[in-house]
There are 2 protein chains.
Amino acid sequence: MTKAQVVAQLLPSTYAPKETGASFAPTNIALCKYWGKRNTELNLPATSSLSIALPGKGAFTKVMLSTQAEDTVTLNGLSIATNTSFYRRLTQFIELFRKKVMWRLHIEIQMTIPVAAGLASSACGFAALTMALNDLFQWQLPLRDLSILARLGSGSAARSLWSGFVEWHQGEREDGMDCYAEPLSMQWPSLCVGILTISQKEKFLSSREAMLRTVKTSDLYRCWPDKVQRDLTQLKRAIHEGDFTTFGMTAESNALAMHATMLSSWPPICYALPETLAAMQQLWELRQQGIEVYFTQDAGPNLKFLFLEESKPLINKQFSNLDIIYPFKQRVG
Amino acid sequence: MTKAQVVAQLLPSTYAPKETGASFAPTNIALCKYWGKRNTELNLPATSSLSIALPGKGAFTKVMLSTQAEDTVTLNGLSIATNTSFYRRLTQFIELFRKKVMWRLHIEIQMTIPVAAGLASSACGFAALTMALNDLFQWQLPLRDLSILARLGSGSAARSLWSGFVEWHQGEREDGMDCYAEPLSMQWPSLCVGILTISQKEKFLSSREAMLRTVKTSDLYRCWPDKVQRDLTQLKRAIHEGDFTTFGMTAESNALAMHATMLSSWPPICYALPETLAAMQQLWELRQQGIEVYFTQDAGPNLKFLFLEESKPLINKQFSNLDIIYPFKQRVG
């Protein structure tokens with residue numbers, strides 16, 4: 001099964017383009033991580049996962065039919081050269097939708113987060129692009145189908161089409177038609193996410209590469225899918241019951257276990273910098289003092305803290321440069 | 001099965017004490033780690049393990065019958081108070097051998113390594129004490145039996161009775177009579193171990209506690225025994241064939257996987273300090289430049305580098321405060 005075959009199953013036979021298509025997609029932070037694929041071509045994950053969207057952080061994407069000989073892309077106002085991997089990844093995705101008609105696109109992306117620093121820039125990037133294409137060509141596809149299409153660009157993009165908590169189902173089908181995300185209905189207004197930026201440098205190894213290496217070489221990875229299964233159930237229950245202790249604990253433990261599978265890969269993968277570890281230890285000390293704060297970490301050195309509004313003053317005192325987001329109180333775009 | 005029952009199986013019915021018993025035991029660095037017990041009372045490990053002894057680093061222990069009302073202990077010339085955990089652990093061990101006769105001991109320990117900083121001070125401590133008791137009471141037990149007795153004090157003490165490479169067999173019996181260590185005959189004269197001391201502070205959590213917590217709470221630990229099985233086979237083959245790349249890689253990967261099981265425990269256990277991580281990353285950079293150096297790490301923040309004599313000048317240039325030991329060239333005691 002190829003990506004093109006998946007696209008052919010979902011798209012209408014003819015498109016009815018408007019002048020401009022546009023969309024915003026928020027970045028998402030996984031609380032139960034996606035790590036490892038069961039199908040690398042279609043980005044089908046080895047496990048389900050669960051995320052929270054960060055309102056205001058993400059990608060605004062505008063697409064227009066163009067009269068140029070090739071697609072043109074700007075990122076935050078700057079033109080992207082055609083020989084960059086960023087350009088190639090984007091246009092390979094566009095290619096899936098081009099069919100026989102040889103239209104070209106002009107794509108304008110405004111990102112409100114650093115690119116490729118473990119803040120899921122490719123997730124919101126591909127989600128926004130997919131939704132903008134749906135708008136431009138008036139496909140009128142449901143979000144569930146757009147989630148499947150966005151996944152073909154980047155796995156975790158499947159989760160970036162909604163605000164709030166989102167669950168991405170691993171599915172069982174070989175064509176991935178049951179591998180889509182959907183939002184949970186639960187809200188948690190007092191929940192805060194604090195982003196601790198330790199480095200904005202591009203990561204030394206893409207998540208894609210890191211995932212492949214882990215699945216291939218880590219002797220501990222075999223235990224990961226069961227861990228995810230347990231954590232996912234526990235997280236959903238904690239969200240349902242508003243049990244913040246279980247919620248935070250499970251998210252932190254899940255992130256640490258993901259990084260543990262990377263550490264036990266060969267060559268070892270360690271996204272933490274010394275400063276990351278120092279911040280973790282500072283957070284653990286705060287917790288020992290009775291302040292309920294947990295963290296999660298993705299494929300990069302930055303940390304995302306999880307806490308409730310009531311703890312904000314104390315946490316802010318220790319970590320003054322924390323970028324604090326209310327996932328359920330702020331506007332999405 | 002209790003410790004006392006094990007001792008009763010091995011010791012002669014009467015002792016013939018000399019005036020003084022003395023022994024030296026080297027500390028040992030596990031290349032394939034011991035992490036997790038199948039029996040906590042008898043310190044029977046979940047897996048076999050493999051270590052290398054560090055000549056010159058260890059415990060010199062002298063024991064004498066005493067006329068005092070209780071056992072007396074000195075460490076590096078200083079008297080150890082009876083209300084310390086160090087004293088209690090030692091005398092609880094002595095108690096096993098006391099039988100009906102109420103003799104008391106004076107014990108003098110000279111340690112050439114820092115205590116409880118992940119340099120296996122309890123391993124060489126209990127090994128030296130066991131051998132000194134064997135000398136004092138003229139039990140004339142073979143080293144294999146003394147290895148079983150030393151294990152009752154501290155698991156990894158079973159491996160500290162020899163120089164060079166030592167394998168500790170996990171055994172299957174409930175009484176642990178097949179759970180002893182023995183030396184490998186292979187020598188590797190150009191092998192160097194470099195100790196990078198990052199902190200000499202006592203560790204925040206004993207290995208004993210950390211092990212228990214890992215076995216109880218880490219979802220990845222279930223994969224650990226198979227990993228050890230593979231690593232052990234690979235290490236022995238690499239030692240046999242003088243294949244340093246496989247040797248170093250396997251030792252480093254094994255250590256990282258052990259720490260990975262700790263990271264995925266709850267509460268998370270992380271013995272690395274930010275400086276530990278910085279040193280690892282510096283070492284990985286050296287390796288990327290083609291210099292063959294690997295590390296191992298125990299339940300503490302310090303690292304032990306593994307390299308061959310030929311790389312010593314280059315490595316010393318990067319890590320000037322490395323304490324370099326030749327396990328097969330130096331005298332043991």
# chains A, B, ... in the order shown; residues from 1 in each chain; ligands from 1

call {"tool": "closest_atom_pairs", "arguments": {"of": "chain A", "to": "chain B", "cutoff": "9 Å", "atoms": "only C-alpha atoms", "output": "JSON lines"}}
result
{"residue": "A:Ser218", "atom": "CA", "partner": "B:Ala257", "partner_atom": "CA", "distance": 8.6}
{"residue": "A:Asp219", "atom": "CA", "partner": "B:Lys227", "partner_atom": "CA", "distance": 6.0}
{"residue": "A:Leu220", "atom": "CA", "partner": "B:Cys223", "partner_atom": "CA", "distance": 5.4}
{"residue": "A:Tyr221", "atom": "CA", "partner": "B:Leu220", "partner_atom": "CA", "distance": 7.8}
{"residue": "A:Arg222", "atom": "CA", "partner": "B:Cys223", "partner_atom": "CA", "distance": 7.0}
{"residue": "A:Cys223", "atom": "CA", "partner": "B:Leu220", "partner_atom": "CA", "distance": 5.4}
{"residue": "A:Trp224", "atom": "CA", "partner": "B:Leu220", "partner_atom": "CA", "distance": 6.9}
{"residue": "A:Asp226", "atom": "CA", "partner": "B:Asp219", "partner_atom": "CA", "distance": 8.1}
{"residue": "A:Lys227", "atom": "CA", "partner": "B:Asp219", "partner_atom": "CA", "distance": 6.0}
{"residue": "A:Met249", "atom": "CA", "partner": "B:Trp266", "partner_atom": "CA", "distance": 8.4}
{"residue": "A:Ser253", "atom": "CA", "partner": "B:Ser264", "partner_atom": "CA", "distance": 6.1}
{"residue": "A:Asn254", "atom": "CA", "partner": "B:Ser264", "partner_atom": "CA", "distance": 7.7}
{"residue": "A:Ala255", "atom": "CA", "partner": "B:Ser264", "partner_atom": "CA", "distance": 8.6}
{"residue": "A:Leu256", "atom": "CA", "partner": "B:Ser264", "partner_atom": "CA", "distance": 5.6}
{"residue": "A:Ala257", "atom": "CA", "partner": "B:Ser264", "partner_atom": "CA", "distance": 4.6}
{"residue": "A:Met258", "atom": "CA", "partner": "B:Ser264", "partner_atom": "CA", "distance": 8.4}
{"residue": "A:His259", "atom": "CA", "partner": "B:Ala260", "partner_atom": "CA", "distance": 7.8}
{"residue": "A:Ala260", "atom": "CA", "partner": "B:Ala260", "partner_atom": "CA", "distance": 4.3}
{"residue": "A:Thr261", "atom": "CA", "partner": "B:Ala260", "partner_atom": "CA", "distance": 6.9}
{"residue": "A:Met262", "atom": "CA", "partner": "B:Ala260", "partner_atom": "CA", "distance": 8.5}
{"residue": "A:Leu263", "atom": "CA", "partner": "B:Leu256", "partner_atom": "CA", "distance": 6.0}
{"residue": "A:Ser264", "atom": "CA", "partner": "B:Ala257", "partner_atom": "CA", "distance": 4.6}
{"residue": "A:Ser265", "atom": "CA", "partner": "B:Ser253", "partner_atom": "CA", "distance": 7.4}
{"residue": "A:Trp266", "atom": "CA", "partner": "B:Ser253", "partner_atom": "CA", "distance": 7.1}
{"residue": "A:Pro267", "atom": "CA", "partner": "B:Ser253", "partner_atom": "CA", "distance": 8.4}
{"residue": "A:Pro268", "atom": "CA", "partner": "B:Ser253", "partner_atom": "CA", "distance": 7.5}
{"residue": "A:Cys270", "atom": "CA", "partner": "B:Gln281", "partner_atom": "CA", "distance": 8.8}
{"residue": "A:Ala272", "atom": "CA", "partner": "B:Leu277", "partner_atom": "CA", "distance": 8.3}
{"residue": "A:Leu273", "atom": "CA", "partner": "B:Leu277", "partner_atom": "CA", "distance": 7.2}
{"residue": "A:Pro274", "atom": "CA", "partner": "B:Pro274", "partner_atom": "CA", "distance": 4.2}
{"residue": "A:Glu275", "atom": "CA", "partner": "B:Pro274", "partner_atom": "CA", "distance": 6.6}
{"residue": "A:Thr276", "atom": "CA", "partner": "B:Pro274", "partner_atom": "CA", "distance": 8.0}
{"residue": "A:Leu277", "atom": "CA", "partner": "B:Pro274", "partner_atom": "CA", "distance": 5.7}
{"residue": "A:Ala278", "atom": "CA", "partner": "B:Pro274", "partner_atom": "CA", "distance": 5.8}
{"residue": "A:Gln281", "atom": "CA", "partner": "B:Leu273", "partner_atom": "CA", "distance": 8.8}

call {"tool": "residues_around", "arguments": {"residues": "Ser199 in chain B", "least_positions_apart": "5", "cutoff": "9 Å", "atoms": "only C-alpha atoms", "output": "PyMOL selection string"}}
result
chain B and resi 117+273+300-302

call {"tool": "write_last_selection", "arguments": {"atoms": "all heavy atoms", "output": "PDB file, in the first residue's frame"}}
result
ATOM      1  N   ALA B 117      30.132   5.776  46.584  1.00  0.00           N
ATOM      2  CA  ALA B 117      29.985   6.727  45.481  1.00  0.00           C
ATOM      3  C   ALA B 117      29.982   5.973  44.152  1.00  0.00           C
ATOM      4  O   ALA B 117      30.483   6.453  43.149  1.00  0.00           O
ATOM      5  CB  ALA B 117      31.096   7.761  45.520  1.00  0.00           C
ATOM      6  N   LEU B 273      24.640  13.231  36.989  1.00  0.00           N
ATOM      7  CA  LEU B 273      24.570  14.665  37.233  1.00  0.00           C
ATOM      8  C   LEU B 273      24.731  15.357  35.871  1.00  0.00           C
ATOM      9  O   LEU B 273      25.165  14.726  34.909  1.00  0.00           O
ATOM     10  CB  LEU B 273      25.703  15.104  38.181  1.00  0.00           C
ATOM     11  CG  LEU B 273      25.624  14.570  39.609  1.00  0.00           C
ATOM     12  CD1 LEU B 273      26.872  14.967  40.402  1.00  0.00           C
ATOM     13  CD2 LEU B 273      24.366  15.091  40.302  1.00  0.00           C
ATOM     14  N   GLY B 300      25.926   5.656  40.560  1.00  0.00           N
ATOM     15  CA  GLY B 300      26.548   6.889  41.022  1.00  0.00           C
ATOM     16  C   GLY B 300      26.850   7.749  39.806  1.00  0.00           C
ATOM     17  O   GLY B 300      26.667   7.301  38.673  1.00  0.00           O
ATOM     18  N   PRO B 301      27.307   8.981  40.023  1.00  0.00           N
ATOM     19  CA  PRO B 301      27.492   9.913  38.908  1.00  0.00           C
ATOM     20  C   PRO B 301      28.819   9.751  38.162  1.00  0.00           C
ATOM     21  O   PRO B 301      29.011  10.376  37.124  1.00  0.00           O
ATOM     22  CB  PRO B 301      27.452  11.275  39.602  1.00  0.00           C
ATOM     23  CG  PRO B 301      27.977  11.007  40.973  1.00  0.00           C
ATOM     24  CD  PRO B 301      27.531   9.616  41.332  1.00  0.00           C
ATOM     25  N   ASN B 302      29.730   8.925  38.691  1.00  0.00           N
ATOM     26  CA  ASN B 302      31.050   8.822  38.070  1.00  0.00           C
ATOM     27  C   ASN B 302      31.042   7.891  36.860  1.00  0.00           C
ATOM     28  O   ASN B 302      30.208   7.002  36.765  1.00  0.00           O
ATOM     29  CB  ASN B 302      32.064   8.338  39.105  1.00  0.00           C
ATOM     30  CG  ASN B 302      32.093   9.267  40.312  1.00  0.00           C
ATOM     31  OD1 ASN B 302      31.969  10.479  40.146  1.00  0.00           O
ATOM     32  ND2 ASN B 302      32.207   8.706  41.505  1.00  0.00           N
TER      33      ASN B 302
END

call {"tool": "residues_around", "arguments": {"residues": "Pro26 in chain A", "least_positions_apart": "3", "cutoff": "10 Å", "atoms": "only C-alpha atoms", "output": "list in words"}}
result
Ile29, Ile52, Ala53, Leu54, Pro55, Gly56, Lys57, Gly58, Ala59, Phe60, Met111, Thr112, Ile113, Ala120, Ser121, Ala123, Cys124, Gly125, Ala127, Ala128, Ala157, Arg159, Ser160, Leu161, Trp162, Ser163, Gly164, Val332 and Gly333 of chain A

call {"tool": "residues_around", "arguments": {"residues": "Asn321 in chain A", "least_positions_apart": "3", "cutoff": "12 Å", "atoms": "only C-alpha atoms", "output": "count of residues only"}}
result
11

call {"tool": "select_by_dssp", "arguments": {"residues": "range 82-274 of chain B", "states": "strand (DSSP E)", "output": "ChimeraX atom specification"}}
result
/B:104-111,165-168,181-183,191-196

call {"tool": "residues_around", "arguments": {"residues": "range 91-94 of chain B", "least_positions_apart": "5", "cutoff": "12 Å", "atoms": "only C-alpha atoms", "output": "compact mmCIF listing (two decimals) with all heavy atoms, in the first residue's frame"}}
result
# COMPACT_ATOMS: atom_id res chain seq x y z
N LYS B 3 20.17 -16.69 55.55
CA LYS B 3 21.62 -16.56 55.43
C LYS B 3 22.32 -17.53 56.38
O LYS B 3 23.31 -18.17 56.02
CB LYS B 3 22.04 -15.13 55.77
CG LYS B 3 21.66 -14.13 54.70
CD LYS B 3 22.10 -12.72 55.08
CE LYS B 3 21.73 -11.75 53.98
NZ LYS B 3 22.07 -10.37 54.28
N ALA B 4 21.79 -17.63 57.61
CA ALA B 4 22.41 -18.49 58.62
C ALA B 4 22.46 -19.95 58.15
O ALA B 4 23.45 -20.66 58.36
CB ALA B 4 21.65 -18.38 59.95
N VAL B 7 25.29 -20.32 55.66
CA VAL B 7 26.57 -20.33 56.36
C VAL B 7 26.81 -21.69 57.02
O VAL B 7 27.91 -22.26 56.91
CB VAL B 7 26.60 -19.19 57.41
CG1 VAL B 7 27.82 -19.32 58.32
CG2 VAL B 7 26.59 -17.84 56.72
N LEU B 42 19.04 -13.62 50.24
CA LEU B 42 20.34 -14.22 49.95
C LEU B 42 21.12 -13.47 48.87
O LEU B 42 22.19 -13.93 48.45
CB LEU B 42 20.16 -15.69 49.53
CG LEU B 42 19.46 -16.62 50.53
CD1 LEU B 42 19.38 -18.04 49.98
CD2 LEU B 42 20.19 -16.62 51.88
N VAL B 63 41.40 -8.45 60.75
CA VAL B 63 40.46 -8.80 61.82
C VAL B 63 41.21 -9.49 62.96
O VAL B 63 42.12 -10.29 62.73
CB VAL B 63 39.32 -9.72 61.32
CG1 VAL B 63 38.33 -8.94 60.47
CG2 VAL B 63 39.85 -10.91 60.54
N GLU B 70 31.75 -5.26 72.63
CA GLU B 70 31.15 -5.36 71.29
C GLU B 70 32.22 -5.20 70.21
O GLU B 70 33.34 -4.82 70.51
CB GLU B 70 30.03 -4.32 71.10
CG GLU B 70 30.39 -2.94 71.59
CD GLU B 70 29.16 -2.00 71.63
OE1 GLU B 70 28.03 -2.46 71.40
OE2 GLU B 70 29.38 -0.81 71.84
N ASP B 71 31.82 -5.54 68.98
CA ASP B 71 32.76 -5.42 67.87
C ASP B 71 33.20 -3.96 67.72
O ASP B 71 32.41 -3.04 67.95
CB ASP B 71 32.10 -5.86 66.56
CG ASP B 71 31.65 -7.32 66.60
OD1 ASP B 71 32.41 -8.15 67.13
OD2 ASP B 71 30.54 -7.60 66.13
N THR B 72 34.43 -3.76 67.34
CA THR B 72 34.91 -2.41 67.06
C THR B 72 35.41 -2.36 65.62
O THR B 72 35.98 -3.34 65.12
CB THR B 72 36.05 -2.01 68.01
OG1 THR B 72 36.99 -3.09 68.07
CG2 THR B 72 35.54 -1.74 69.42
N VAL B 73 35.17 -1.24 64.98
CA VAL B 73 35.51 -1.10 63.56
C VAL B 73 36.21 0.23 63.33
O VAL B 73 35.77 1.27 63.84
CB VAL B 73 34.24 -1.14 62.67
CG1 VAL B 73 34.62 -1.05 61.20
CG2 VAL B 73 33.40 -2.37 62.94
N ILE B 80 34.50 3.80 63.85
CA ILE B 80 33.13 3.90 63.32
C ILE B 80 32.14 3.72 64.48
O ILE B 80 32.19 2.73 65.21
CB ILE B 80 32.88 2.81 62.26
CG1 ILE B 80 33.84 2.95 61.07
CG2 ILE B 80 31.43 2.79 61.80
CD1 ILE B 80 33.56 4.15 60.20
N ALA B 81 31.24 4.70 64.64
CA ALA B 81 30.27 4.66 65.74
C ALA B 81 29.30 3.49 65.55
O ALA B 81 28.97 3.11 64.43
CB ALA B 81 29.50 5.97 65.81
N THR B 82 28.83 2.96 66.68
CA THR B 82 27.98 1.76 66.62
C THR B 82 26.56 2.09 66.13
O THR B 82 25.81 1.18 65.79
CB THR B 82 27.87 1.11 68.02
OG1 THR B 82 27.40 2.10 68.94
CG2 THR B 82 29.21 0.58 68.48
N ASN B 83 26.22 3.37 66.09
CA ASN B 83 24.87 3.70 65.62
C ASN B 83 24.81 4.06 64.13
O ASN B 83 23.80 4.55 63.64
CB ASN B 83 24.28 4.84 66.46
CG ASN B 83 25.14 6.10 66.35
OD1 ASN B 83 26.19 6.08 65.70
ND2 ASN B 83 24.69 7.19 66.95
N THR B 84 25.89 3.80 63.40
CA THR B 84 25.88 4.10 61.96
C THR B 84 25.38 2.88 61.18
O THR B 84 25.48 1.75 61.65
CB THR B 84 27.30 4.45 61.45
OG1 THR B 84 28.15 3.34 61.76
CG2 THR B 84 27.84 5.69 62.13
N SER B 85 24.87 3.13 59.99
CA SER B 85 24.37 2.01 59.18
C SER B 85 25.56 1.18 58.70
O SER B 85 25.46 -0.03 58.52
CB SER B 85 23.54 2.51 58.01
OG SER B 85 24.34 3.28 57.15
N PHE B 86 26.70 1.83 58.51
CA PHE B 86 27.92 1.13 58.11
C PHE B 86 28.27 0.06 59.16
O PHE B 86 28.52 -1.11 58.84
CB PHE B 86 29.06 2.15 57.99
CG PHE B 86 30.36 1.61 57.44
CD1 PHE B 86 30.67 1.76 56.10
CD2 PHE B 86 31.28 0.96 58.26
CE1 PHE B 86 31.86 1.26 55.58
CE2 PHE B 86 32.48 0.47 57.75
CZ PHE B 86 32.76 0.62 56.40
N LYS B 99 28.01 -18.04 65.57
CA LYS B 99 27.53 -19.29 66.18
C LYS B 99 27.30 -19.11 67.67
O LYS B 99 26.89 -18.04 68.13
CB LYS B 99 28.52 -20.42 65.91
CG LYS B 99 28.62 -20.75 64.42
CD LYS B 99 29.46 -21.98 64.25
CE LYS B 99 29.36 -22.52 62.83
NZ LYS B 99 30.16 -23.74 62.72
N MET B 102 30.66 -16.56 71.83
CA MET B 102 30.43 -15.13 71.78
C MET B 102 31.70 -14.29 71.66
O MET B 102 31.90 -13.33 72.38
CB MET B 102 29.63 -14.69 73.01
CG MET B 102 28.13 -14.86 72.81
SD MET B 102 27.47 -13.84 71.46
CE MET B 102 27.03 -15.04 70.23
N TRP B 103 32.58 -14.65 70.70
CA TRP B 103 33.76 -13.83 70.48
C TRP B 103 33.37 -12.49 69.86
O TRP B 103 32.32 -12.36 69.25
CB TRP B 103 34.78 -14.55 69.58
CG TRP B 103 34.18 -15.30 68.42
CD1 TRP B 103 33.87 -16.61 68.38
CD2 TRP B 103 33.81 -14.75 67.15
NE1 TRP B 103 33.31 -16.93 67.17
CE2 TRP B 103 33.27 -15.80 66.39
CE3 TRP B 103 33.86 -13.47 66.58
CZ2 TRP B 103 32.79 -15.63 65.10
CZ3 TRP B 103 33.39 -13.30 65.29
CH2 TRP B 103 32.86 -14.38 64.57
N ARG B 104 34.23 -11.51 70.08
CA ARG B 104 34.05 -10.19 69.46
C ARG B 104 35.27 -9.90 68.59
O ARG B 104 36.35 -10.46 68.81
CB ARG B 104 33.93 -9.09 70.52
CG ARG B 104 32.73 -9.23 71.41
CD ARG B 104 31.43 -8.94 70.67
NE ARG B 104 30.30 -9.49 71.41
CZ ARG B 104 29.07 -9.58 70.92
NH1 ARG B 104 28.82 -9.17 69.69
NH2 ARG B 104 28.10 -10.09 71.64
N LEU B 105 35.08 -9.03 67.63
CA LEU B 105 36.17 -8.73 66.70
C LEU B 105 36.55 -7.26 66.72
O LEU B 105 35.72 -6.39 66.97
CB LEU B 105 35.76 -9.07 65.27
CG LEU B 105 35.58 -10.54 64.89
CD1 LEU B 105 35.23 -10.63 63.41
CD2 LEU B 105 36.85 -11.35 65.17
N HIS B 106 37.83 -7.04 66.46
CA HIS B 106 38.26 -5.70 66.09
C HIS B 106 38.61 -5.74 64.60
O HIS B 106 39.39 -6.58 64.17
CB HIS B 106 39.47 -5.26 66.93
CG HIS B 106 39.99 -3.93 66.49
ND1 HIS B 106 39.24 -2.78 66.60
CD2 HIS B 106 41.16 -3.58 65.89
CE1 HIS B 106 39.94 -1.76 66.10
NE2 HIS B 106 41.11 -2.22 65.66
N ILE B 107 37.99 -4.85 63.84
CA ILE B 107 38.14 -4.86 62.38
C ILE B 107 38.75 -3.54 61.93
O ILE B 107 38.25 -2.47 62.28
CB ILE B 107 36.76 -5.02 61.70
CG1 ILE B 107 36.05 -6.26 62.24
CG2 ILE B 107 36.90 -5.09 60.19
CD1 ILE B 107 34.59 -6.36 61.80
N GLY B 125 34.62 -4.32 50.15
CA GLY B 125 34.56 -4.37 51.61
C GLY B 125 34.15 -5.74 52.12
O GLY B 125 34.84 -6.34 52.96
N PHE B 126 33.05 -6.27 51.64
CA PHE B 126 32.58 -7.57 52.11
C PHE B 126 33.47 -8.72 51.61
O PHE B 126 33.62 -9.73 52.29
CB PHE B 126 31.11 -7.79 51.73
CG PHE B 126 30.16 -7.06 52.64
CD1 PHE B 126 29.50 -5.92 52.22
CD2 PHE B 126 29.97 -7.51 53.95
CE1 PHE B 126 28.65 -5.23 53.09
CE2 PHE B 126 29.12 -6.83 54.81
CZ PHE B 126 28.45 -5.68 54.38
N ALA B 127 34.05 -8.56 50.42
CA ALA B 127 34.96 -9.60 49.93
C ALA B 127 36.21 -9.68 50.81
O ALA B 127 36.64 -10.77 51.23
CB ALA B 127 35.35 -9.32 48.48
N LEU B 129 36.55 -8.65 53.90
CA LEU B 129 36.18 -9.10 55.24
C LEU B 129 35.99 -10.63 55.27
O LEU B 129 36.50 -11.31 56.18
CB LEU B 129 34.89 -8.39 55.68
CG LEU B 129 34.34 -8.73 57.07
CD1 LEU B 129 35.37 -8.45 58.16
CD2 LEU B 129 33.06 -7.93 57.34
N THR B 130 35.32 -11.15 54.26
CA THR B 130 35.10 -12.61 54.20
C THR B 130 36.43 -13.35 54.12
O THR B 130 36.65 -14.34 54.83
CB THR B 130 34.24 -12.95 52.96
OG1 THR B 130 33.04 -12.19 53.02
CG2 THR B 130 33.89 -14.43 52.94
N ALA B 132 39.35 -12.22 55.08
CA ALA B 132 40.09 -12.01 56.33
C ALA B 132 39.57 -12.94 57.42
O ALA B 132 40.35 -13.49 58.21
CB ALA B 132 39.98 -10.55 56.76
N LEU B 133 38.25 -13.16 57.45
CA LEU B 133 37.67 -14.08 58.43
C LEU B 133 38.13 -15.51 58.16
O LEU B 133 38.47 -16.27 59.08
CB LEU B 133 36.13 -14.02 58.38
CG LEU B 133 35.48 -12.73 58.90
CD1 LEU B 133 33.99 -12.72 58.58
CD2 LEU B 133 35.71 -12.56 60.41
N ASN B 134 38.17 -15.88 56.89
CA ASN B 134 38.65 -17.20 56.49
C ASN B 134 40.10 -17.40 56.95
O ASN B 134 40.48 -18.49 57.38
CB ASN B 134 38.57 -17.32 54.96
CG ASN B 134 39.03 -18.67 54.45
OD1 ASN B 134 38.46 -19.70 54.80
ND2 ASN B 134 40.08 -18.66 53.63
N LEU B 149 29.73 -16.73 50.42
CA LEU B 149 29.61 -16.05 51.73
C LEU B 149 29.66 -14.53 51.57
O LEU B 149 28.85 -13.81 52.17
CB LEU B 149 30.71 -16.51 52.67
CG LEU B 149 30.67 -17.99 53.11
CD1 LEU B 149 31.87 -18.32 53.99
CD2 LEU B 149 29.36 -18.32 53.82
N ALA B 150 30.58 -14.05 50.75
CA ALA B 150 30.71 -12.60 50.55
C ALA B 150 29.41 -12.03 49.96
O ALA B 150 28.98 -10.93 50.32
CB ALA B 150 31.89 -12.29 49.62
N ARG B 151 28.78 -12.79 49.09
CA ARG B 151 27.50 -12.37 48.48
C ARG B 151 26.43 -12.10 49.52
O ARG B 151 25.57 -11.23 49.33
CB ARG B 151 27.03 -13.45 47.51
CG ARG B 151 25.57 -13.30 47.13
CD ARG B 151 25.09 -14.23 46.06
NE ARG B 151 25.37 -15.63 46.20
CZ ARG B 151 24.71 -16.48 47.00
NH1 ARG B 151 23.75 -16.05 47.80
NH2 ARG B 151 25.04 -17.75 47.01
N LEU B 152 26.48 -12.81 50.64
CA LEU B 152 25.48 -12.59 51.68
C LEU B 152 25.61 -11.18 52.27
O LEU B 152 24.64 -10.63 52.80
CB LEU B 152 25.60 -13.64 52.79
CG LEU B 152 25.44 -15.11 52.33
CD1 LEU B 152 25.65 -16.05 53.52
CD2 LEU B 152 24.09 -15.36 51.67
N GLY B 153 26.80 -10.60 52.19
CA GLY B 153 27.01 -9.23 52.67
C GLY B 153 26.58 -8.21 51.63
O GLY B 153 25.89 -7.24 51.93
N SER B 154 26.99 -8.43 50.39
CA SER B 154 26.64 -7.52 49.28
C SER B 154 26.75 -8.34 48.01
O SER B 154 27.77 -8.99 47.77
CB SER B 154 27.62 -6.35 49.26
OG SER B 154 27.45 -5.61 48.07

call {"tool": "atom_distance", "arguments": {"atom1": "CA of Gln170 in chain A", "atom2": "CA of Leu232 in chain A"}}
result
12.0 Å

call {"tool": "residues_around", "arguments": {"residues": "Leu50 in chain A", "least_positions_apart": "4", "cutoff": "6 Å", "atoms": "only C-alpha atoms", "output": "list in words"}}
result
Ala30, Leu31, Cys32, Val166 and Glu167 of chain A

call {"tool": "closest_residue", "arguments": {"among": "B:Ala69, B:Cys192, B:Leu136, B:Ala181", "to": "Lys329 in chain B", "atoms": "only C-alpha atoms"}}
result
B:Cys192
